[in-house]
$ cat start.txt   # compact mmCIF, C-alpha atoms
# COMPACT_ATOMS: atom_id res chain seq x y z
CA MET A 11 0.00 0.00 0.00
CA ASN A 12 2.86 2.41 0.78
CA TRP A 13 4.36 1.68 -2.64
CA LEU A 14 1.00 2.36 -4.29
CA ARG A 15 0.59 5.65 -2.42
CA ARG A 16 4.10 6.76 -3.36
CA ASN A 17 3.42 6.05 -7.03
CA THR A 18 -0.13 7.36 -7.32
CA GLY A 19 1.07 10.29 -9.43
CA VAL A 20 2.79 7.94 -11.86
CA PHE A 21 -0.37 5.86 -12.31
CA ILE A 22 -2.49 8.98 -12.81
CA ALA A 23 0.00 10.34 -15.35
CA PHE A 24 -0.01 7.02 -17.20
CA ALA A 25 -3.83 6.93 -17.17
CA ILE A 26 -4.07 10.42 -18.70
CA VAL A 27 -1.51 9.63 -21.42
CA PHE A 28 -3.16 6.28 -22.17
CA CYS A 29 -6.67 7.76 -22.34
CA TRP A 30 -5.45 10.63 -24.56
CA PHE A 31 -3.68 8.25 -26.96
CA ALA A 32 -6.49 5.66 -27.01
CA LEU A 33 -9.21 8.23 -27.63
CA LEU A 34 -7.16 10.00 -30.30
CA THR A 35 -6.51 6.70 -32.09
CA PHE A 36 -10.24 5.98 -32.06
CA LEU A 37 -11.27 9.50 -33.08
CA LEU A 38 -8.92 9.74 -36.05
CA GLN A 39 -10.94 6.87 -37.58
CA PHE A 40 -14.32 7.94 -36.21
CA PRO A 41 -17.00 8.52 -38.90
CA THR A 42 -17.74 12.18 -38.23
CA VAL A 43 -21.30 13.32 -38.90
CA PHE A 44 -21.58 17.00 -38.03
CA THR A 45 -25.36 16.89 -37.63
CA GLU A 46 -24.97 14.52 -34.64
CA PRO A 47 -23.89 15.61 -31.14
CA TRP A 48 -21.11 13.01 -30.77
CA PRO A 49 -18.31 14.83 -32.63
CA TYR A 50 -18.70 17.86 -30.37
CA ILE A 51 -18.94 15.83 -27.17
CA LEU A 52 -15.86 13.81 -28.13
CA LEU A 53 -14.03 17.00 -29.12
CA LEU A 54 -14.62 18.41 -25.62
CA LEU A 55 -13.50 15.15 -24.02
CA GLN A 56 -10.29 15.11 -26.06
CA THR A 57 -9.71 18.78 -25.18
CA HIS A 58 -10.00 17.87 -21.49
CA LEU A 59 -7.42 15.10 -21.93
CA TYR A 60 -5.09 17.51 -23.74
CA THR A 61 -5.40 19.83 -20.75
CA GLY A 62 -4.60 16.85 -18.53
CA LEU A 63 -1.37 16.28 -20.46
CA PHE A 64 -0.19 19.80 -19.70
CA ILE A 65 -1.33 19.68 -16.06
CA THR A 66 0.68 16.46 -15.68
CA ALA A 67 3.73 18.13 -17.25
CA HIS A 68 3.15 21.01 -14.85
CA ASP A 69 3.17 18.63 -11.88
CA ALA A 70 6.47 17.27 -13.17
CA MET A 71 7.86 20.82 -13.13
CA HIS A 72 7.18 20.82 -9.39
CA GLY A 73 8.67 17.35 -8.96
CA VAL A 74 5.40 15.74 -7.91
CA ALA A 75 4.52 13.58 -10.94
CA ALA A 76 6.94 10.95 -9.60
CA PRO A 77 8.10 12.19 -6.18
CA GLY A 78 11.55 10.99 -5.19
CA ASN A 79 12.39 9.77 -8.68
CA ILE A 80 13.95 12.67 -10.57
CA LYS A 81 14.59 10.77 -13.81
CA LEU A 82 11.07 9.32 -14.05
CA ASN A 83 9.57 12.67 -13.08
CA THR A 84 11.52 14.35 -15.90
CA VAL A 85 10.51 11.67 -18.42
CA ILE A 86 6.83 12.13 -17.53
CA GLY A 87 7.12 15.89 -17.88
CA PHE A 88 9.04 15.63 -21.14
CA VAL A 89 6.61 13.16 -22.74
CA CYS A 90 3.43 14.95 -21.62
CA ALA A 91 4.73 18.34 -22.79
CA LEU A 92 5.78 16.89 -26.14
CA LEU A 93 2.41 15.23 -26.71
CA PHE A 94 0.74 18.57 -26.06
CA ALA A 95 1.54 20.17 -29.44
CA PHE A 96 5.30 19.53 -29.17
CA ASN A 97 5.96 21.77 -26.18
CA TRP A 98 9.59 21.57 -25.09
CA TYR A 99 9.82 20.64 -21.40
CA PRO A 100 13.36 22.03 -20.82
CA ARG A 101 12.07 25.41 -22.05
CA LEU A 102 8.85 25.31 -20.03
CA LEU A 103 10.52 24.37 -16.75
CA PRO A 104 12.53 27.57 -16.03
CA LYS A 105 9.69 29.78 -17.28
CA HIS A 106 7.22 28.18 -14.91
CA HIS A 107 9.50 28.57 -11.90
CA GLN A 108 10.07 32.17 -12.93
CA HIS A 109 6.29 32.61 -12.83
CA HIS A 110 6.18 31.30 -9.26
CA HIS A 111 9.09 33.42 -8.08
CA PHE A 112 7.84 36.66 -9.67
CA VAL A 113 4.10 36.04 -9.85
CA ALA A 114 2.07 38.87 -11.43
CA THR A 115 5.08 41.18 -11.88
CA GLU A 116 7.03 42.37 -14.91
CA LYS A 117 9.43 39.45 -14.47
CA ASP A 118 6.58 36.92 -14.65
CA PRO A 119 6.57 35.42 -18.20
CA ASP A 120 2.89 34.45 -17.81
CA TYR A 121 1.72 37.91 -16.74
CA HIS A 122 0.69 40.72 -19.05
CA GLY A 123 -2.16 42.60 -17.43
CA GLY A 124 -4.51 44.76 -19.43
CA ASN A 125 -7.17 43.38 -21.70
CA PHE A 126 -7.88 39.70 -22.15
CA TRP A 127 -6.84 39.27 -25.78
CA ALA A 128 -3.59 41.21 -25.46
CA TRP A 129 -2.71 39.01 -22.49
CA TYR A 130 -3.65 35.85 -24.37
CA LEU A 131 -1.47 36.78 -27.36
CA SER A 132 1.41 37.60 -25.00
CA PHE A 133 0.95 34.20 -23.36
CA LEU A 134 1.06 32.43 -26.73
CA LYS A 135 4.21 34.29 -27.76
CA GLN A 136 5.94 33.08 -24.61
CA TYR A 137 5.30 29.42 -25.35
CA ILE A 138 4.91 28.92 -29.12
CA THR A 139 8.16 28.47 -31.06
CA TRP A 140 9.02 28.03 -34.74
CA PRO A 141 10.39 24.47 -34.26
CA GLN A 142 7.16 23.59 -32.49
CA MET A 143 5.06 24.98 -35.36
CA LEU A 144 7.17 23.10 -37.93
CA ALA A 145 6.74 19.85 -35.96
CA MET A 146 2.98 20.44 -35.84
CA ALA A 147 2.87 21.12 -39.60
CA LEU A 148 4.88 17.99 -40.40
CA THR A 149 2.73 15.82 -38.12
CA PHE A 150 -0.45 17.34 -39.59
CA ASN A 151 0.63 16.36 -43.10
CA ILE A 152 1.56 12.83 -42.01
CA LEU A 153 -1.75 12.34 -40.20
CA THR A 154 -3.83 13.65 -43.11
CA TYR A 155 -2.10 11.14 -45.37
CA PHE A 156 -3.56 8.29 -43.30
CA PHE A 157 -6.75 9.78 -41.82
CA PRO A 158 -9.57 12.10 -42.99
CA LEU A 159 -8.69 15.79 -42.89
CA GLU A 160 -11.74 16.73 -40.80
CA ASN A 161 -10.81 14.14 -38.15
CA VAL A 162 -7.25 15.41 -37.88
CA VAL A 163 -8.45 19.01 -37.52
CA LEU A 164 -11.33 18.23 -35.17
CA TYR A 165 -9.68 15.72 -32.84
CA TRP A 166 -5.93 16.38 -33.00
CA MET A 167 -5.40 20.06 -33.83
CA LEU A 168 -8.47 21.85 -32.46
CA PRO A 169 -8.37 20.22 -28.99
CA ALA A 170 -4.80 21.46 -28.54
CA VAL A 171 -5.90 25.02 -29.37
CA LEU A 172 -8.93 24.84 -27.07
CA ALA A 173 -6.86 23.32 -24.26
CA THR A 174 -4.35 26.16 -24.57
CA PHE A 175 -7.23 28.60 -24.17
CA GLN A 176 -8.60 26.59 -21.22
CA LEU A 177 -5.23 26.55 -19.46
CA PHE A 178 -4.72 30.26 -20.05
CA TYR A 179 -8.16 31.29 -18.84
CA PHE A 180 -8.40 29.14 -15.71
CA GLY A 181 -4.71 28.88 -14.86
CA THR A 182 -3.38 32.33 -15.69
CA TYR A 183 -5.89 35.03 -16.56
CA GLN A 184 -8.70 34.32 -14.12
CA PRO A 185 -6.54 33.87 -10.97
CA HIS A 186 -4.04 36.67 -11.68
CA LYS A 187 -6.09 39.42 -13.34
CA GLY A 188 -6.85 42.70 -11.61
CA GLU A 189 -5.45 44.20 -8.44
CA HIS A 190 -4.63 42.06 -5.42
CA ASN A 191 -4.48 43.13 -1.79
CA ALA A 192 -1.04 43.66 -0.28
CA GLU A 193 -1.76 40.76 2.11
CA ASN A 194 -2.23 38.43 -0.84
CA LYS A 195 1.34 37.13 -1.01
CA HIS A 196 0.66 34.99 -4.08
CA ARG A 197 -1.22 37.68 -6.04
CA SER A 198 -3.73 34.99 -6.90
CA THR A 199 -7.44 34.41 -6.51
CA THR A 200 -9.15 31.04 -6.33
CA LEU A 201 -12.35 29.42 -7.52
CA LYS A 202 -15.24 29.01 -5.14
CA ARG A 203 -15.33 25.55 -3.59
CA ASN A 204 -17.00 23.32 -6.16
CA HIS A 205 -14.95 20.21 -6.82
CA VAL A 206 -16.97 19.00 -9.82
CA TRP A 207 -16.62 22.30 -11.68
CA ALA A 208 -13.01 22.72 -10.54
CA PHE A 209 -12.11 19.36 -12.07
CA ILE A 210 -14.08 19.85 -15.28
CA SER A 211 -12.78 23.37 -15.84
CA CYS A 212 -9.08 22.67 -15.33
CA TYR A 213 -8.18 19.70 -13.09
CA PHE A 214 -8.61 21.72 -9.86
CA PHE A 215 -6.10 24.25 -11.19
CA GLY A 216 -8.67 26.98 -10.59
CA TYR A 217 -7.89 26.49 -6.90
CA HIS A 218 -4.95 28.64 -7.79
CA TYR A 219 -4.11 30.37 -4.55
CA GLU A 220 -3.89 26.93 -2.97
CA HIS A 221 -1.51 25.83 -5.73
CA HIS A 222 0.80 28.81 -5.23
CA ASP A 223 0.65 28.36 -1.48
CA LYS A 224 1.53 24.66 -1.67
CA PRO A 225 3.15 24.00 -5.07
CA PHE A 226 4.36 20.62 -3.80
CA LEU A 227 0.78 19.27 -3.98
CA PRO A 228 -0.15 17.42 -7.20
CA TRP A 229 -3.27 18.56 -9.02
CA TRP A 230 -5.34 15.67 -7.69
CA LYS A 231 -4.76 16.78 -4.08
CA LEU A 232 -5.64 20.44 -4.52
CA TYR A 233 -9.30 19.80 -3.67
CA GLN A 234 -8.20 18.48 -0.26
CA GLU A 235 -6.29 21.70 0.38
CA LYS A 236 -9.37 23.65 -0.68
CA ASP A 237 -11.43 21.67 1.85
CA ARG A 238 -8.92 22.48 4.61
CA SER A 239 -8.88 26.18 3.79
CA PHE A 240 -12.70 26.20 3.64
CA LYS A 241 -13.13 24.98 7.24
$ encode --input "start.txt" --output "structure tokens"
Amino acid sequence: MNWLRRNTGVFIAFAIVFCWFALLTFLLQFPTVFTEPWPYILLLLQTHLYTGLFITAHDAMHGVAAPGNIKLNTVIGFVCALLFAFNWYPRLLPKHHQHHHFVATEKDPDYHGGNFWAWYLSFLKQYITWPQMLAMALTFNILTYFFPLENVVLYWMLPAVLATFQLFYFGTYQPHKGEHNAENKHRSTTLKRNHVWAFISCYFFGYHYEHHDKPFLPWWKLYQEKDRSFK
């Protein structure tokens, strides 16, 4: 049981990667009929799994995807980041720690302030690179050689875009926008306590003050911290 508890994060990471890959494999061959609800429901489900890939990579950045096993933790982070539109884990890692050290200041790479769209574009510029775009273009052409174009766009490309938006809105913009009281040491707000919505919206990442306060907690324990702070 102790071994299982120590490796819970590894099993959860594996489950997310497996579900993402299995569903994508199915969806690339799925007969898409746009007049039925299933393509849109499955698109949202695949978007949620894409978001899970990045949240898992994020946990690896804090060393909690595989606690006590640096090599495995790095492999999990590297793989999950790469599967999410070819993000480069060694580039993400220092930027994310810079965000934590200088949250909501000029030195925070995730912070822009001002209007929503200007902030979103600034966020994209921080994390999208030319090699990444070339890898996406090459993969797109390979996939469309074997699978229908609409399936590749709907289930491989579009979920990555929507997940980027989801991560930005719930993990960056919503918790860090506006002015924060001087007592708010993390310059972060947090979602109201609603574990179902918190999971659906962004894997409890909307409990953002709790994350900044205890970055050593994996995403799947943030709801417990929210419960403690609620009492």
$ atom_distance --input "start.txt" --atom1 "atom CA of A:Ala25" --atom2 "atom CA of A:Thr57"
15.5 Å
$ closest_atom_pairs --input "start.txt" --of "stretch 67-161 of chain A" --to "stretch 181-203 of chain A" --cutoff "7 Å" --atoms "only C-alpha atoms" --output "tab-separated table"
residue	atom	partner	partner_atom	distance
A:Val113	CA	A:Arg197	CA	6.7
A:Ala114	CA	A:Arg197	CA	6.4
A:Asp120	CA	A:Thr182	CA	6.9
A:Gly123	CA	A:Lys187	CA	6.5
$ write_last_selection --input "start.txt" --atoms "C-alpha atoms" --output "PDB file, in the frame of the given file"
ATOM      1  CA  VAL A 113       4.100  36.040  -9.850  1.00  0.00           C
ATOM      2  CA  ALA A 114       2.070  38.870 -11.430  1.00  0.00           C
ATOM      3  CA  ASP A 120       2.890  34.450 -17.810  1.00  0.00           C
ATOM      4  CA  GLY A 123      -2.160  42.600 -17.430  1.00  0.00           C
TER       5      GLY A 123
END
$ closest_residue --input "start.txt" --among "A:Gln39, A:Val74, A:Lys117, A:Tyr155" --to "A:Thr18" --atoms "only C-alpha atoms"
A:Val74
$ residues_near_point --input "start.txt" --point "(10.3, 15.9, -22.1)" --cutoff "10 Å" --atoms "all atoms listed in the file" --output "PyMOL selection string"
chain A and resi 67+70+83-93+96-102
$ closest_atom_pairs --input "start.txt" --of "stretch 112-170 of chain A" --to "stretch 46-50 of chain A" --cutoff "12 Å" --atoms "all atoms listed in the file" --output "JSON lines"
{"residue": "A:Glu160", "atom": "CA", "partner": "A:Pro49", "partner_atom": "CA", "distance": 10.7}
{"residue": "A:Asn161", "atom": "CA", "partner": "A:Pro49", "partner_atom": "CA", "distance": 9.3}
{"residue": "A:Val163", "atom": "CA", "partner": "A:Pro49", "partner_atom": "CA", "distance": 11.8}
{"residue": "A:Leu164", "atom": "CA", "partner": "A:Pro49", "partner_atom": "CA", "distance": 8.2}
{"residue": "A:Tyr165", "atom": "CA", "partner": "A:Pro49", "partner_atom": "CA", "distance": 8.7}
{"residue": "A:Leu168", "atom": "CA", "partner": "A:Tyr50", "partner_atom": "CA", "distance": 11.2}
{"residue": "A:Pro169", "atom": "CA", "partner": "A:Tyr50", "partner_atom": "CA", "distance": 10.7}
$ atom_distance --input "start.txt" --atom1 "atom CA of A:Leu227" --atom2 "atom CA of A:Ile138"
27.2 Å
$ atom_distance --input "start.txt" --atom1 "atom CA of A:Cys212" --atom2 "atom CA of A:Gly78"
25.8 Å
$ closest_residue --input "start.txt" --among "A:Leu153, A:Leu63, A:Leu159, A:Ala128" --to "A:Ala173" --atoms "all atoms listed in the file"
A:Leu63
$ residues_around --input "start.txt" --residues "A:Tyr213" --least-positions-apart "5" --cutoff "8 Å" --atoms "all atoms listed in the file" --output "number ranges by chain"
A: 62, 65, 208, 229-230
$ closest_residue --input "start.txt" --among "A:Thr35, A:Gln176, A:Thr45, A:Asn151" --to "A:Ile210" --atoms "all atoms listed in the file"
A:Gln176
$ residues_around --input "start.txt" --residues "A:Ala76" --least-positions-apart "6" --cutoff "7 Å" --atoms "all atoms listed in the file" --output "list in words"
Asn17, Gly19, Val20, Leu82 and Asn83 of chain A
$ closest_residue --input "start.txt" --among "A:Glu235, A:His218, A:Arg16, A:Phe112" --to "A:Asn79" --atoms "only C-alpha atoms"
A:Arg16
$ closest_residue --input "start.txt" --among "A:Val162, A:Val206, A:Ala23, A:Leu33" --to "A:Phe150" --atoms "all atoms listed in the file"
A:Val162
$ axis_aligned_box --input "start.txt" --around "stretch 122-141 of chain A" --padding-each-side "4 Å" --output "JSON"
{"center_x": 1.3, "center_y": 34.6, "center_z": -26.1, "size_x": 26.3, "size_y": 28.3, "size_z": 25.3}
$ closest_residue --input "start.txt" --among "A:Phe178, A:Trp140, A:Phe36, A:Phe215" --to "A:Trp127" --atoms "all atoms listed in the file"
A:Phe178
$ decode --input "start.txt" --residues "stretch 18-92 of chain A" --atoms "C-alpha atoms" --output "PDB file, in the first residue's frame"
ATOM      1  CA  THR A  18      -0.131   7.359  -7.317  1.00  0.00           C
ATOM      2  CA  GLY A  19       1.066  10.288  -9.430  1.00  0.00           C
ATOM      3  CA  VAL A  20       2.790   7.937 -11.863  1.00  0.00           C
ATOM      4  CA  PHE A  21      -0.375   5.860 -12.313  1.00  0.00           C
ATOM      5  CA  ILE A  22      -2.494   8.983 -12.812  1.00  0.00           C
ATOM      6  CA  ALA A  23       0.004  10.344 -15.353  1.00  0.00           C
ATOM      7  CA  PHE A  24      -0.014   7.019 -17.204  1.00  0.00           C
ATOM      8  CA  ALA A  25      -3.835   6.933 -17.168  1.00  0.00           C
ATOM      9  CA  ILE A  26      -4.073  10.418 -18.705  1.00  0.00           C
ATOM     10  CA  VAL A  27      -1.513   9.632 -21.424  1.00  0.00           C
ATOM     11  CA  PHE A  28      -3.163   6.275 -22.173  1.00  0.00           C
ATOM     12  CA  CYS A  29      -6.674   7.764 -22.344  1.00  0.00           C
ATOM     13  CA  TRP A  30      -5.452  10.626 -24.562  1.00  0.00           C
ATOM     14  CA  PHE A  31      -3.684   8.252 -26.959  1.00  0.00           C
ATOM     15  CA  ALA A  32      -6.491   5.658 -27.010  1.00  0.00           C
ATOM     16  CA  LEU A  33      -9.210   8.226 -27.629  1.00  0.00           C
ATOM     17  CA  LEU A  34      -7.161   9.995 -30.303  1.00  0.00           C
ATOM     18  CA  THR A  35      -6.511   6.696 -32.093  1.00  0.00           C
ATOM     19  CA  PHE A  36     -10.243   5.984 -32.057  1.00  0.00           C
ATOM     20  CA  LEU A  37     -11.271   9.501 -33.081  1.00  0.00           C
ATOM     21  CA  LEU A  38      -8.924   9.738 -36.053  1.00  0.00           C
ATOM     22  CA  GLN A  39     -10.937   6.867 -37.578  1.00  0.00           C
ATOM     23  CA  PHE A  40     -14.318   7.942 -36.208  1.00  0.00           C
ATOM     24  CA  PRO A  41     -17.004   8.522 -38.903  1.00  0.00           C
ATOM     25  CA  THR A  42     -17.735  12.181 -38.233  1.00  0.00           C
ATOM     26  CA  VAL A  43     -21.304  13.319 -38.895  1.00  0.00           C
ATOM     27  CA  PHE A  44     -21.577  17.001 -38.034  1.00  0.00           C
ATOM     28  CA  THR A  45     -25.359  16.891 -37.628  1.00  0.00           C
ATOM     29  CA  GLU A  46     -24.972  14.522 -34.642  1.00  0.00           C
ATOM     30  CA  PRO A  47     -23.890  15.608 -31.145  1.00  0.00           C
ATOM     31  CA  TRP A  48     -21.105  13.013 -30.772  1.00  0.00           C
ATOM     32  CA  PRO A  49     -18.312  14.828 -32.634  1.00  0.00           C
ATOM     33  CA  TYR A  50     -18.704  17.863 -30.371  1.00  0.00           C
ATOM     34  CA  ILE A  51     -18.943  15.833 -27.175  1.00  0.00           C
ATOM     35  CA  LEU A  52     -15.860  13.814 -28.128  1.00  0.00           C
ATOM     36  CA  LEU A  53     -14.028  16.999 -29.119  1.00  0.00           C
ATOM     37  CA  LEU A  54     -14.615  18.406 -25.622  1.00  0.00           C
ATOM     38  CA  LEU A  55     -13.504  15.149 -24.018  1.00  0.00           C
ATOM     39  CA  GLN A  56     -10.292  15.108 -26.057  1.00  0.00           C
ATOM     40  CA  THR A  57      -9.712  18.776 -25.176  1.00  0.00           C
ATOM     41  CA  HIS A  58      -9.997  17.872 -21.491  1.00  0.00           C
ATOM     42  CA  LEU A  59      -7.419  15.104 -21.929  1.00  0.00           C
ATOM     43  CA  TYR A  60      -5.090  17.511 -23.741  1.00  0.00           C
ATOM     44  CA  THR A  61      -5.396  19.830 -20.751  1.00  0.00           C
ATOM     45  CA  GLY A  62      -4.596  16.852 -18.531  1.00  0.00           C
ATOM     46  CA  LEU A  63      -1.368  16.284 -20.456  1.00  0.00           C
ATOM     47  CA  PHE A  64      -0.188  19.802 -19.696  1.00  0.00           C
ATOM     48  CA  ILE A  65      -1.330  19.684 -16.064  1.00  0.00           C
ATOM     49  CA  THR A  66       0.683  16.463 -15.680  1.00  0.00           C
ATOM     50  CA  ALA A  67       3.734  18.129 -17.251  1.00  0.00           C
ATOM     51  CA  HIS A  68       3.153  21.014 -14.850  1.00  0.00           C
ATOM     52  CA  ASP A  69       3.172  18.630 -11.885  1.00  0.00           C
ATOM     53  CA  ALA A  70       6.473  17.271 -13.168  1.00  0.00           C
ATOM     54  CA  MET A  71       7.862  20.824 -13.127  1.00  0.00           C
ATOM     55  CA  HIS A  72       7.178  20.824  -9.387  1.00  0.00           C
ATOM     56  CA  GLY A  73       8.670  17.353  -8.963  1.00  0.00           C
ATOM     57  CA  VAL A  74       5.397  15.743  -7.907  1.00  0.00           C
ATOM     58  CA  ALA A  75       4.516  13.579 -10.936  1.00  0.00           C
ATOM     59  CA  ALA A  76       6.939  10.954  -9.602  1.00  0.00           C
ATOM     60  CA  PRO A  77       8.095  12.190  -6.183  1.00  0.00           C
ATOM     61  CA  GLY A  78      11.548  10.995  -5.189  1.00  0.00           C
ATOM     62  CA  ASN A  79      12.388   9.769  -8.684  1.00  0.00           C
ATOM     63  CA  ILE A  80      13.951  12.669 -10.570  1.00  0.00           C
ATOM     64  CA  LYS A  81      14.593  10.766 -13.805  1.00  0.00           C
ATOM     65  CA  LEU A  82      11.075   9.322 -14.046  1.00  0.00           C
ATOM     66  CA  ASN A  83       9.570  12.667 -13.080  1.00  0.00           C
ATOM     67  CA  THR A  84      11.519  14.354 -15.898  1.00  0.00           C
ATOM     68  CA  VAL A  85      10.512  11.670 -18.417  1.00  0.00           C
ATOM     69  CA  ILE A  86       6.833  12.128 -17.527  1.00  0.00           C
ATOM     70  CA  GLY A  87       7.119  15.891 -17.876  1.00  0.00           C
ATOM     71  CA  PHE A  88       9.043  15.632 -21.139  1.00  0.00           C
ATOM     72  CA  VAL A  89       6.607  13.161 -22.738  1.00  0.00           C
ATOM     73  CA  CYS A  90       3.433  14.951 -21.622  1.00  0.00           C
ATOM     74  CA  ALA A  91       4.726  18.336 -22.787  1.00  0.00           C
ATOM     75  CA  LEU A  92       5.780  16.887 -26.142  1.00  0.00           C
TER      76      LEU A  92
END
